[in-house]
Each structure stands twice: as structure tokens, then as C-alpha cells.
Amino acid sequence: MTYQRADIYENDMVFQRADIKKNDTHESKLRLAIARDEAFCFYYQENLKLLSKRGFELVPFSPLHDKKLPEHISGLLLGGGYPELFAKELSENDSMKTAIREAIRGGLPSLAECGGFLYLHKSLKDMEGRQYSMAGVIDADADYRGKLVRFGYVELTEKESCFLPEKEGIRGHEFHYFDSTENGTDCVAKKPTGSRRWECVWEGENHWWGFPHLYYPSNPSFVEHFYQQAGLYQQSKLKQKDK
């Protein structure tokens, strides 16, 4: 089996420099940390543009190589990629795993799709059966199933309206050989043809974690809700700072 690295669009201007000086822009835009390295490299260009257009400053960081999250962030996006190919290295970066776990538990709004979703698990077992500890945000384990688990386009709806307006959905795509012991039950995915459907996604007011790669332009309300949650988080941090 071969794996091809997806293009992260490194030259696109929707990404901002990670070494921006402290007071340059973080006060005027909400800073969104985006995992971007060899392990996390799949993002839809249209999603990044929509996030940027809404008002996020996109700040890349590396769960593989960095020891901490970027400063002054109000949100976190863990995209798709191939964490299974770098499971050992990700597992050994304890400081980053701890930083992400503590940030999310502290209320940082977060999105995690496919590879990013795997990274949030308690452990990940690779193609050779070797098990590695991951960030431990989700109390579940992930492993290789030897074949495509789910593949193709889906439309997702929430059981209870949160990121999306009531009775509306968002389109996405799944393609993965790994699966989780707990895929989540907060949404329902349905194939565009036929009657096949299944429960998926871990969701709350400020987080959405699951296997589907979402296509944000299919329902921009998703980005709007995430932006509002990031703004509330930033306000709470400012209030804490002023005390």
C-alpha cells in the first residue's frame, strides 16, 4: 500500500507567518493554530480561504517538531494527513501532546478531522501493530483495519443543533484505513445515494472531532459558529488577564 502526501498549499497567502511579533496582529484578528507538517498536511484550499475571510489569522505549527502551541491563539485546527506514519515521533513529543490536551481541556475551541482526530485519541496502533500514546483528549483507541473502513462523500447532520442551523447539514468526505473504538455519536453521516447512514463525530459547543473531512463552503454557518466560539474564548482569556 502506498501513501501520497497531500498538498498543504505552503505558498498560499492564507497562511500567516508563525513568527509574527507579539503585538502585530493578534489583537485585531483571532489567531487559529493549524497543524501543518509531514504528519498533518491535508486541507481544502477553500476551507482555509473561508476561515481567513471570516477573520482568522491562520498560524501554522508542527505537532511533530514544535514543543508548544503558538502564543495568543483562540482556536485549534488539526487537519488530515498521515499521523500513522509518524506515530512514534508524535508519541515522543510529550510536551506538545500535553500542551494540546491541556489547552482543549481549558476550553480552547478545536476542530479535528481524520488524521487530526486520530491524534486526539488515547493511543494509535500502526500498520505493524505497534501501539503509541497520542494526545489523550478522547478516551478511545485507534488502529489499522487492513482495508478502507469508509470511503466517499457524505452529508452530516447534528442530532442537536450546535455548529449548524437546525435541520441543516454540511458535506464532507471520508477516506481512511484506520478506525476508532469510539467514533462519536453526536452526528449522523449519510451517503448521497442509497440509505446507508451511521453515527459519528464528537461534538460540543466549542469542538467538532471526527473522521470526515468537511467542506466548509457547503455550510458557512459552521465557520461562523467556530469563529464566535473563538471570540468568546479570547474574551474569557482577556478577562482573566485583567483580574
# chains A, B, ... in the order shown; residues from 1 in each chain; ligands from 1
call {"tool": "closest_atom_pairs", "arguments": {"of": "range 63-119 of chain A", "to": "range 124-145 of chain A", "cutoff": "8 Å", "atoms": "only C-alpha atoms", "output": "CSV"}}
result
residue,atom,partner,partner_atom,distance
A:Glu84,CA,A:Asp126,CA,5.6
A:Leu85,CA,A:Asp126,CA,7.6
A:Ala87,CA,A:Tyr132,CA,6.3
A:Lys88,CA,A:Tyr132,CA,6.4
A:Leu90,CA,A:Met134,CA,7.1
A:Ser91,CA,A:Ser133,CA,5.3
A:Lys97,CA,A:Ala135,CA,4.6
A:Thr98,CA,A:Ala135,CA,6.8
A:Ile100,CA,A:Ala135,CA,7.0
A:Arg101,CA,A:Val137,CA,5.6
A:Ile104,CA,A:Val137,CA,7.7
A:Arg105,CA,A:Val137,CA,7.9
A:Leu118,CA,A:Ala142,CA,6.6
A:Tyr119,CA,A:Met134,CA,5.6
call {"tool": "select_by_dssp", "arguments": {"residues": "range 40-208 of chain A", "states": "strand (DSSP E)", "output": "ChimeraX atom specification"}}
result
/A:40-42,56-61,73-78,80-81,110-113,121-125,131-133,138-144,150-158,169-176,178-180,187-190,197-200,202-204,207-208
call {"tool": "residues_around", "arguments": {"residues": "Asn219 in chain A", "least_positions_apart": "5", "cutoff": "9 Å", "atoms": "only C-alpha atoms", "output": "list in words"}}
result
Leu164, Glu168, Gly169, Ile170 and Arg171 of chain A
call {"tool": "residues_around", "arguments": {"residues": "Phe211 in chain A", "least_positions_apart": "6", "cutoff": "9 Å", "atoms": "only C-alpha atoms", "output": "number ranges by chain"}}
result
A: 80, 112-118, 173-176, 179, 183, 200-201
call {"tool": "write_last_selection", "arguments": {"atoms": "N, CA and C atoms", "output": "compact mmCIF listing (two decimals), in the first residue's frame"}}
result
# COMPACT_ATOMS: atom_id res chain seq x y z
N GLY A 80 -6.26 16.71 8.30
CA GLY A 80 -5.95 15.35 7.91
C GLY A 80 -4.49 15.16 7.56
N ALA A 112 -11.02 18.83 14.64
CA ALA A 112 -10.08 17.76 14.30
C ALA A 112 -10.73 16.84 13.28
N GLU A 113 -10.03 16.64 12.16
CA GLU A 113 -10.57 15.83 11.08
C GLU A 113 -9.61 14.70 10.72
N CYS A 114 -10.13 13.50 10.63
CA CYS A 114 -9.39 12.32 10.16
C CYS A 114 -8.07 12.15 10.91
N GLY A 115 -6.94 12.49 10.29
CA GLY A 115 -5.66 12.34 10.97
C GLY A 115 -5.60 13.11 12.27
N GLY A 116 -6.15 14.32 12.27
CA GLY A 116 -6.20 15.11 13.49
C GLY A 116 -7.05 14.45 14.55
N PHE A 117 -8.14 13.81 14.12
CA PHE A 117 -9.00 13.06 15.02
C PHE A 117 -8.23 11.89 15.63
N LEU A 118 -7.46 11.16 14.84
CA LEU A 118 -6.64 10.06 15.35
C LEU A 118 -5.67 10.55 16.42
N HIS A 173 -16.16 14.27 3.25
CA HIS A 173 -15.58 13.15 2.53
C HIS A 173 -14.79 12.30 3.51
N GLU A 174 -14.89 10.98 3.38
CA GLU A 174 -14.10 10.08 4.22
C GLU A 174 -13.23 9.18 3.35
N PHE A 175 -12.02 8.92 3.87
CA PHE A 175 -11.09 8.01 3.19
C PHE A 175 -10.07 7.59 4.24
N HIS A 176 -10.27 6.43 4.87
CA HIS A 176 -9.34 6.03 5.92
C HIS A 176 -9.32 4.52 6.11
N ASP A 179 -9.58 2.97 12.16
CA ASP A 179 -10.87 3.24 12.78
C ASP A 179 -10.67 3.41 14.28
N ASN A 183 -16.16 6.34 17.69
CA ASN A 183 -16.22 7.34 16.63
C ASN A 183 -17.07 8.55 16.97
N CYS A 200 -21.55 9.35 14.08
CA CYS A 200 -20.14 9.74 14.11
C CYS A 200 -19.99 11.09 14.79
N VAL A 201 -18.77 11.50 15.01
CA VAL A 201 -18.36 12.83 15.48
C VAL A 201 -18.59 13.03 16.99
call {"tool": "atom_distance", "arguments": {"atom1": "CA of Phe163 in chain A", "atom2": "CA of Tyr82 in chain A"}}
result
26.5 Å
call {"tool": "atom_distance", "arguments": {"atom1": "CA of Glu38 in chain A", "atom2": "CA of Gly146 in chain A"}}
result
22.3 Å
call {"tool": "atom_distance", "arguments": {"atom1": "CA of Lys190 in chain A", "atom2": "CA of Val154 in chain A"}}
result
5.4 Å
call {"tool": "select_by_dssp", "arguments": {"residues": "range 18-241 of chain A", "states": "alpha helix (DSSP H)", "output": "ChimeraX atom specification"}}
result
/A:45-54,87-92,94-105,115-119,221-241
call {"tool": "closest_residue", "arguments": {"among": "A:His65, A:Ser52, A:Gln45, A:Phe226", "to": "Glu89 in chain A", "atoms": "only C-alpha atoms"}}
result
A:His65
call {"tool": "closest_residue", "arguments": {"among": "A:Gln228, A:Ser123, A:Ser221, A:Gln235", "to": "Pro83 in chain A", "atoms": "only C-alpha atoms"}}
result
A:Ser123
call {"tool": "closest_residue", "arguments": {"among": "A:Leu69, A:Leu156, A:Leu48, A:Leu214", "to": "Val188 in chain A", "atoms": "only C-alpha atoms"}}
result
A:Leu156
call {"tool": "decode", "arguments": {"residues": "range 37-71 of chain A", "atoms": "N, CA, C and O atoms", "output": "CSV table (one decimal), in the first residue's frame"}}
result
chain,number,residue,atom,x,y,z
A,37,ASP,N,2.6,20.0,9.0
A,37,ASP,CA,3.9,19.3,8.9
A,37,ASP,C,3.7,18.0,8.1
A,37,ASP,O,2.7,17.9,7.4
A,38,GLU,N,4.7,17.2,8.2
A,38,GLU,CA,4.7,15.9,7.5
A,38,GLU,C,3.5,15.0,7.8
A,38,GLU,O,3.0,14.3,7.0
A,39,ALA,N,3.1,15.1,9.1
A,39,ALA,CA,2.0,14.2,9.6
A,39,ALA,C,0.6,14.8,9.3
A,39,ALA,O,-0.3,14.0,9.2
A,40,PHE,N,0.5,16.1,9.3
A,40,PHE,CA,-0.8,16.8,9.1
A,40,PHE,C,-0.7,17.7,7.9
A,40,PHE,O,-0.1,18.8,8.0
A,41,CYS,N,-1.1,17.3,6.8
A,41,CYS,CA,-0.8,18.0,5.5
A,41,CYS,C,-2.0,18.1,4.6
A,41,CYS,O,-1.8,18.5,3.4
A,42,PHE,N,-3.2,17.7,5.0
A,42,PHE,CA,-4.3,17.7,4.1
A,42,PHE,C,-5.4,18.7,4.5
A,42,PHE,O,-6.0,18.6,5.6
A,43,TYR,N,-5.5,19.8,3.7
A,43,TYR,CA,-6.5,20.8,3.9
A,43,TYR,C,-7.1,21.2,2.6
A,43,TYR,O,-6.4,21.4,1.6
A,44,TYR,N,-8.4,21.4,2.6
A,44,TYR,CA,-9.1,22.0,1.4
A,44,TYR,C,-8.7,23.5,1.3
A,44,TYR,O,-8.9,24.2,2.3
A,45,GLN,N,-8.3,23.9,0.2
A,45,GLN,CA,-7.9,25.3,0.0
A,45,GLN,C,-9.1,26.2,0.3
A,45,GLN,O,-9.0,27.3,0.9
A,46,GLU,N,-10.3,25.8,-0.1
A,46,GLU,CA,-11.5,26.7,0.0
A,46,GLU,C,-11.8,26.8,1.5
A,46,GLU,O,-12.3,27.9,2.0
A,47,ASN,N,-11.5,25.8,2.3
A,47,ASN,CA,-11.7,25.9,3.8
A,47,ASN,C,-10.8,27.0,4.4
A,47,ASN,O,-11.3,27.8,5.2
A,48,LEU,N,-9.6,26.9,4.0
A,48,LEU,CA,-8.6,27.9,4.5
A,48,LEU,C,-9.0,29.3,4.2
A,48,LEU,O,-8.9,30.2,5.0
A,49,LYS,N,-9.4,29.5,2.9
A,49,LYS,CA,-9.8,30.8,2.5
A,49,LYS,C,-11.0,31.3,3.2
A,49,LYS,O,-11.1,32.5,3.6
A,50,LEU,N,-12.0,30.4,3.5
A,50,LEU,CA,-13.2,30.8,4.2
A,50,LEU,C,-12.8,31.2,5.7
A,50,LEU,O,-13.4,32.2,6.2
A,51,LEU,N,-12.0,30.4,6.3
A,51,LEU,CA,-11.5,30.8,7.6
A,51,LEU,C,-10.8,32.1,7.7
A,51,LEU,O,-11.1,33.0,8.6
A,52,SER,N,-10.0,32.4,6.7
A,52,SER,CA,-9.2,33.6,6.7
A,52,SER,C,-10.2,34.8,6.4
A,52,SER,O,-10.1,35.9,7.0
A,53,LYS,N,-11.1,34.6,5.5
A,53,LYS,CA,-12.1,35.6,5.1
A,53,LYS,C,-12.9,36.0,6.3
A,53,LYS,O,-13.3,37.2,6.5
A,54,ARG,N,-13.3,35.0,7.1
A,54,ARG,CA,-14.1,35.3,8.3
A,54,ARG,C,-13.4,36.1,9.3
A,54,ARG,O,-14.0,36.8,10.1
A,55,GLY,N,-12.1,36.1,9.3
A,55,GLY,CA,-11.4,36.9,10.3
A,55,GLY,C,-10.3,36.2,11.1
A,55,GLY,O,-9.7,36.8,12.0
A,56,PHE,N,-10.1,34.9,10.8
A,56,PHE,CA,-9.0,34.2,11.5
A,56,PHE,C,-7.6,34.5,10.9
A,56,PHE,O,-7.5,34.7,9.6
A,57,GLU,N,-6.6,34.6,11.7
A,57,GLU,CA,-5.2,34.7,11.3
A,57,GLU,C,-4.8,33.2,11.4
A,57,GLU,O,-4.8,32.6,12.5
A,58,LEU,N,-4.4,32.6,10.3
A,58,LEU,CA,-4.0,31.2,10.3
A,58,LEU,C,-2.5,31.1,10.6
A,58,LEU,O,-1.7,31.5,9.9
A,59,VAL,N,-2.3,30.4,11.7
A,59,VAL,CA,-0.9,30.3,12.3
A,59,VAL,C,-0.5,28.9,12.3
A,59,VAL,O,-0.9,28.0,13.1
A,60,PRO,N,0.4,28.5,11.4
A,60,PRO,CA,0.8,27.1,11.3
A,60,PRO,C,1.8,26.7,12.4
A,60,PRO,O,2.6,27.5,12.9
A,61,PHE,N,1.7,25.4,12.9
A,61,PHE,CA,2.6,24.9,13.9
A,61,PHE,C,2.8,23.4,13.6
A,61,PHE,O,2.0,22.8,12.8
A,62,SER,N,3.7,22.8,14.2
A,62,SER,CA,4.0,21.4,14.0
A,62,SER,C,3.9,20.5,15.2
A,62,SER,O,4.7,20.7,16.2
A,63,PRO,N,2.9,19.6,15.3
A,63,PRO,CA,2.8,18.7,16.4
A,63,PRO,C,4.0,17.7,16.4
A,63,PRO,O,4.3,17.2,17.5
A,64,LEU,N,4.7,17.6,15.3
A,64,LEU,CA,5.9,16.8,15.2
A,64,LEU,C,7.1,17.4,15.8
A,64,LEU,O,7.9,16.8,16.6
A,65,HIS,N,7.4,18.7,15.4
A,65,HIS,CA,8.6,19.3,15.7
A,65,HIS,C,8.6,20.4,16.8
A,65,HIS,O,9.6,20.7,17.4
A,66,ASP,N,7.5,21.1,17.0
A,66,ASP,CA,7.4,22.1,18.0
A,66,ASP,C,7.1,21.5,19.4
A,66,ASP,O,6.6,20.4,19.5
A,67,LYS,N,7.5,22.3,20.4
A,67,LYS,CA,7.3,21.8,21.8
A,67,LYS,C,6.1,22.4,22.4
A,67,LYS,O,5.6,22.0,23.5
A,68,LYS,N,5.5,23.5,21.8
A,68,LYS,CA,4.4,24.2,22.4
A,68,LYS,C,3.5,24.8,21.3
A,68,LYS,O,3.9,24.9,20.2
A,69,LEU,N,2.3,25.1,21.6
A,69,LEU,CA,1.4,25.7,20.7
A,69,LEU,C,1.8,27.2,20.5
A,69,LEU,O,2.5,27.8,21.3
A,70,PRO,N,1.4,27.8,19.3
A,70,PRO,CA,1.7,29.2,19.1
A,70,PRO,C,1.0,30.1,20.2
A,70,PRO,O,0.0,29.6,20.9
A,71,GLU,N,1.6,31.2,20.5
A,71,GLU,CA,1.0,32.1,21.5
A,71,GLU,C,-0.2,32.8,21.0
A,71,GLU,O,-0.5,33.0,19.8
